[in-house]
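Q: Dropping a structure here in structure tokens format, bear with me for questions.
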Amino acid sequence: MTAVTTAWHDGEVAVHELLKVPTNGNPTATGFPLRYEERLLQSPIVAVGTLDDHGRPWTTIWGGERGFAQRIAEDVVGYKHMNNDNPQSLNDDFVRTFTISSVHAGDGKVAITVKRHGPATDLLWRHPLNETLKIPVMGFGGKESFHMVKGQESVFVAGGVGITPMLAQAPSILEGDDGKNVKVLWSLRAEDLSLAEDSFKNIRGLAASTKVFVTGEIPTPGSGQGDGMVEKLQELGAEVEIRRMVEEDFASLKRHGTKFYLCAAPQLLTNLIKWLEEEDIVWEDFGY
């Protein structure tokens with residue numbers, strides 16, 4: 001290698017560090033699922049790659065001006081096992097995160113509220129109810145800041161199954177006069193209104209605190225497909241709007257001391273953060 005006087009690029013430095021491995025080692029195996037590790041460990045090193053401080057990929061495969069590192073061209077296709085931004089585009093490891101929607105009862109049981117979407121939830125839907133399905137739980141997460149404070153002026157904004165964190169906390173924070181300090185804005189597709197009905201029937205005070213924004217096609221009377229559901233929600237005490245949620249819906253809720261809890265899919269969440277940029281907010285998303 002020819003000596004140079006210019007400073008090394010951080011991508012080159014990172015690749016150089018990766019090359020400091022035993023001759024019988026294979027650094028590319030680290031981090032891959034166990035079913036791939038044995039095969040990789042028995043394979044010769046083809047190349048070592050890394051990202052520089054700007055997120056640009058570098059590899060040893062061609063050798064650059066320093067002799068061993070070069071930035072990868074935009075049209076080069078590499079190998080990934082998983083793509084966290086779009087898991088369905090690559091091999092699926094079936095690891096999912098769900099929100100516990102049941103109140104802690106001390107009996108070692110939890111409940112989750114799941115909408116069928118993708119291969120993992122499709123597996124749950126297809127499994128016979130009379131047969132046991134064992135699924136390992138890898139751990140419990142969640143933000144401490146997402147725990148609502150009883151008695152505090154709070155607004156919970158949900159999109160679809162984003163209501164689940166509220167379902168787990170509602171029985172305690174809506175108890176007594178404290179329920180007057182809580183408002184819920186819930187965007188829900190017409191086809192999923194049965195979830196709202198079930199939630200309102202089982203959690204005292206939730207319907208009276210909730211405004212439901214119904215999107216999608218409303219079933220026609222007599223169709224037998226959930227017709228009359230809007231009226232049922234209103235009878236249970238909820239306010240119902242047949243439209244999408246808009247920024248003006250928050251005008252009367254913005255005041256000092258109010259905390260906003262947001263749980264929605266990426267598109268709605270982006271709008272909410274923009275609309276409430278001057279407010280005290282915390283959020284979770286289920287962008288998957």
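Identifiers for the structure tokens are assigned positionally: chains receive A, B, ... in sequence, residues are indexed from 1 per chain, and ligands are indexed from 1 in the order shown.
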For Ala251 of chain A, find every residue with an atom within 12 Å (counting only C-alpha atoms), except residues of its own chain fewer than 3 positions away, and show them as a PyMOL selection string.
A: chain A and resi 246-248+254-255+275-276+279
Q: Could those residues be written to a file, using N, CA and C atoms, as a PDB file, in the first residue's frame?
A:
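Contents of result.pdb, as written:
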```pdb
ATOM      1  N   VAL A 246     -59.237  16.545  11.543  1.00  0.00           N
ATOM      2  CA  VAL A 246     -58.520  17.693  10.980  1.00  0.00           C
ATOM      3  C   VAL A 246     -57.938  18.538  12.111  1.00  0.00           C
ATOM      4  N   GLU A 247     -57.084  19.470  11.751  1.00  0.00           N
ATOM      5  CA  GLU A 247     -56.382  20.283  12.748  1.00  0.00           C
ATOM      6  C   GLU A 247     -57.341  21.076  13.623  1.00  0.00           C
ATOM      7  N   GLU A 248     -58.442  21.549  13.045  1.00  0.00           N
ATOM      8  CA  GLU A 248     -59.388  22.370  13.799  1.00  0.00           C
ATOM      9  C   GLU A 248     -60.032  21.608  14.958  1.00  0.00           C
ATOM     10  N   LYS A 254     -56.297  22.798  23.092  1.00  0.00           N
ATOM     11  CA  LYS A 254     -54.950  23.329  23.329  1.00  0.00           C
ATOM     12  C   LYS A 254     -54.991  24.352  24.457  1.00  0.00           C
ATOM     13  N   ARG A 255     -54.491  23.970  25.599  1.00  0.00           N
ATOM     14  CA  ARG A 255     -54.418  24.905  26.718  1.00  0.00           C
ATOM     15  C   ARG A 255     -53.289  24.476  27.644  1.00  0.00           C
ATOM     16  N   TRP A 275     -49.657  19.375  13.772  1.00  0.00           N
ATOM     17  CA  TRP A 275     -50.745  20.178  14.320  1.00  0.00           C
ATOM     18  C   TRP A 275     -50.493  20.581  15.770  1.00  0.00           C
ATOM     19  N   LEU A 276     -49.778  19.742  16.499  1.00  0.00           N
ATOM     20  CA  LEU A 276     -49.590  19.955  17.940  1.00  0.00           C
ATOM     21  C   LEU A 276     -48.143  20.289  18.286  1.00  0.00           C
ATOM     22  N   GLU A 279     -47.419  21.971  21.552  1.00  0.00           N
ATOM     23  CA  GLU A 279     -48.048  21.382  22.734  1.00  0.00           C
ATOM     24  C   GLU A 279     -47.138  20.347  23.396  1.00  0.00           C
TER      25      GLU A 279
END
```
Q: Determine, counting only C-alpha atoms, which protein, DNA and RNA residues have an atom within 10 Å of an atom of segment 126-140 of chain A; residues of the same chain fewer than 3 positions away are not included. Present the result as a VMD selection string.
A: chain A and resid 95 to 100 121 to 123
Q: Write the residues of the preceding selection, restricted to N, CA and C atoms, as a CSV table (one decimal), in the first residue's frame.
A:
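Output file result.csv is given in full below:
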```csv
chain,number,residue,atom,x,y,z
A,95,VAL,N,-41.2,-11.5,14.2
A,95,VAL,CA,-41.1,-10.8,15.5
A,95,VAL,C,-42.0,-9.6,15.4
A,96,ARG,N,-42.9,-9.4,16.3
A,96,ARG,CA,-43.8,-8.3,16.2
A,96,ARG,C,-44.0,-7.7,17.6
A,97,THR,N,-44.4,-6.4,17.6
A,97,THR,CA,-44.7,-5.7,18.9
A,97,THR,C,-46.1,-5.4,19.0
A,98,PHE,N,-46.8,-5.9,20.1
A,98,PHE,CA,-48.2,-5.6,20.3
A,98,PHE,C,-48.4,-4.9,21.6
A,99,THR,N,-49.4,-4.1,21.7
A,99,THR,CA,-49.7,-3.4,22.9
A,99,THR,C,-50.6,-4.2,23.8
A,100,ILE,N,-50.3,-4.3,25.1
A,100,ILE,CA,-51.2,-4.9,26.0
A,100,ILE,C,-52.4,-4.1,26.2
A,121,THR,N,-50.1,-11.7,11.8
A,121,THR,CA,-51.5,-11.7,12.4
A,121,THR,C,-52.3,-12.7,11.6
A,122,ASP,N,-52.0,-12.9,10.3
A,122,ASP,CA,-52.8,-13.9,9.5
A,122,ASP,C,-52.6,-15.3,10.1
A,123,LEU,N,-51.4,-15.6,10.7
A,123,LEU,CA,-51.2,-16.9,11.3
A,123,LEU,C,-52.1,-17.0,12.6
```
Q: From a backbone DSSP assignment, name each residue in segment 119-262 of chain A labelled strand (DSSP E or B), as a list in words.
A: Ser154, Val155, Phe156, Val157, Ala158, Gly159, Val182, Lys183, Val184, Leu185, Trp186, Ser187, Leu188, Arg189, Thr210, Lys211, Val212, Phe213, Val214, Thr215, Glu239, Val240, Glu241, Lys259, Phe260, Tyr261 and Leu262 of chain A
Q: Please, could you write that set of residues out with C-alpha atoms as a short mmCIF file (atom, residue, chain, number, x, y, z; two decimals), in the first residue's frame?
A:
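And here is the file that came out, again.cif:
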```
data_model
loop_
_atom_site.label_atom_id
_atom_site.label_comp_id
_atom_site.auth_asym_id
_atom_site.auth_seq_id
_atom_site.Cartn_x
_atom_site.Cartn_y
_atom_site.Cartn_z
CA SER A 154 -55.08 14.64 29.05
CA VAL A 155 -56.03 14.11 25.42
CA PHE A 156 -55.50 10.67 23.90
CA VAL A 157 -55.48 10.62 20.09
CA ALA A 158 -55.69 7.23 18.41
CA GLY A 159 -55.83 5.81 14.93
CA VAL A 182 -59.66 13.06 29.85
CA LYS A 183 -60.66 13.44 26.21
CA VAL A 184 -60.24 10.78 23.53
CA LEU A 185 -60.18 11.44 19.78
CA TRP A 186 -60.33 8.19 17.85
CA SER A 187 -60.09 7.79 14.08
CA LEU A 188 -61.59 4.46 13.08
CA ARG A 189 -62.60 2.81 9.83
CA THR A 210 -64.63 9.88 23.25
CA LYS A 211 -65.22 11.48 19.87
CA VAL A 212 -65.04 8.91 17.08
CA PHE A 213 -64.09 9.96 13.56
CA VAL A 214 -65.47 7.36 11.16
CA THR A 215 -63.70 6.90 7.82
CA GLU A 239 -69.80 11.65 19.90
CA VAL A 240 -69.46 10.51 16.29
CA GLU A 241 -68.23 12.41 13.22
CA LYS A 259 -50.76 16.65 27.69
CA PHE A 260 -51.41 14.91 24.38
CA TYR A 261 -50.82 11.18 23.95
CA LEU A 262 -50.63 10.07 20.32
#
```
Q: With distances taken over only C-alpha atoms, which residue among A:Val103, A:Val230, A:Ala111, A:Leu236 lies nearest Pro171 of chain A?
A: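 Answer, going by the shortest atom-to-atom distance: A:Val103.
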Q: So which residues of segment 122-252 of chain A fall under alpha helix (DSSP H) by DSSP, listed as a VMD selection string?
A: chain A and resid 122 to 126 164 to 173 193 to 202 229 to 235
Q: Between A:Gly162, A:Ile242, A:Leu174, A:Gly205, which has the minimum distance to Cys263 of chain A (counting only C-alpha atoms)?
A: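 Checking each candidate against Cys263 of chain A, we get A:Gly162 as the closest.
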Q: So the first atom is atom CA of Lys115 of chain A and the second is atom CA of Ser209 of chain A; what is the distance between them in Å, to one decimal place?
A: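 That distance, rounded to one decimal, is 23.5 Å.
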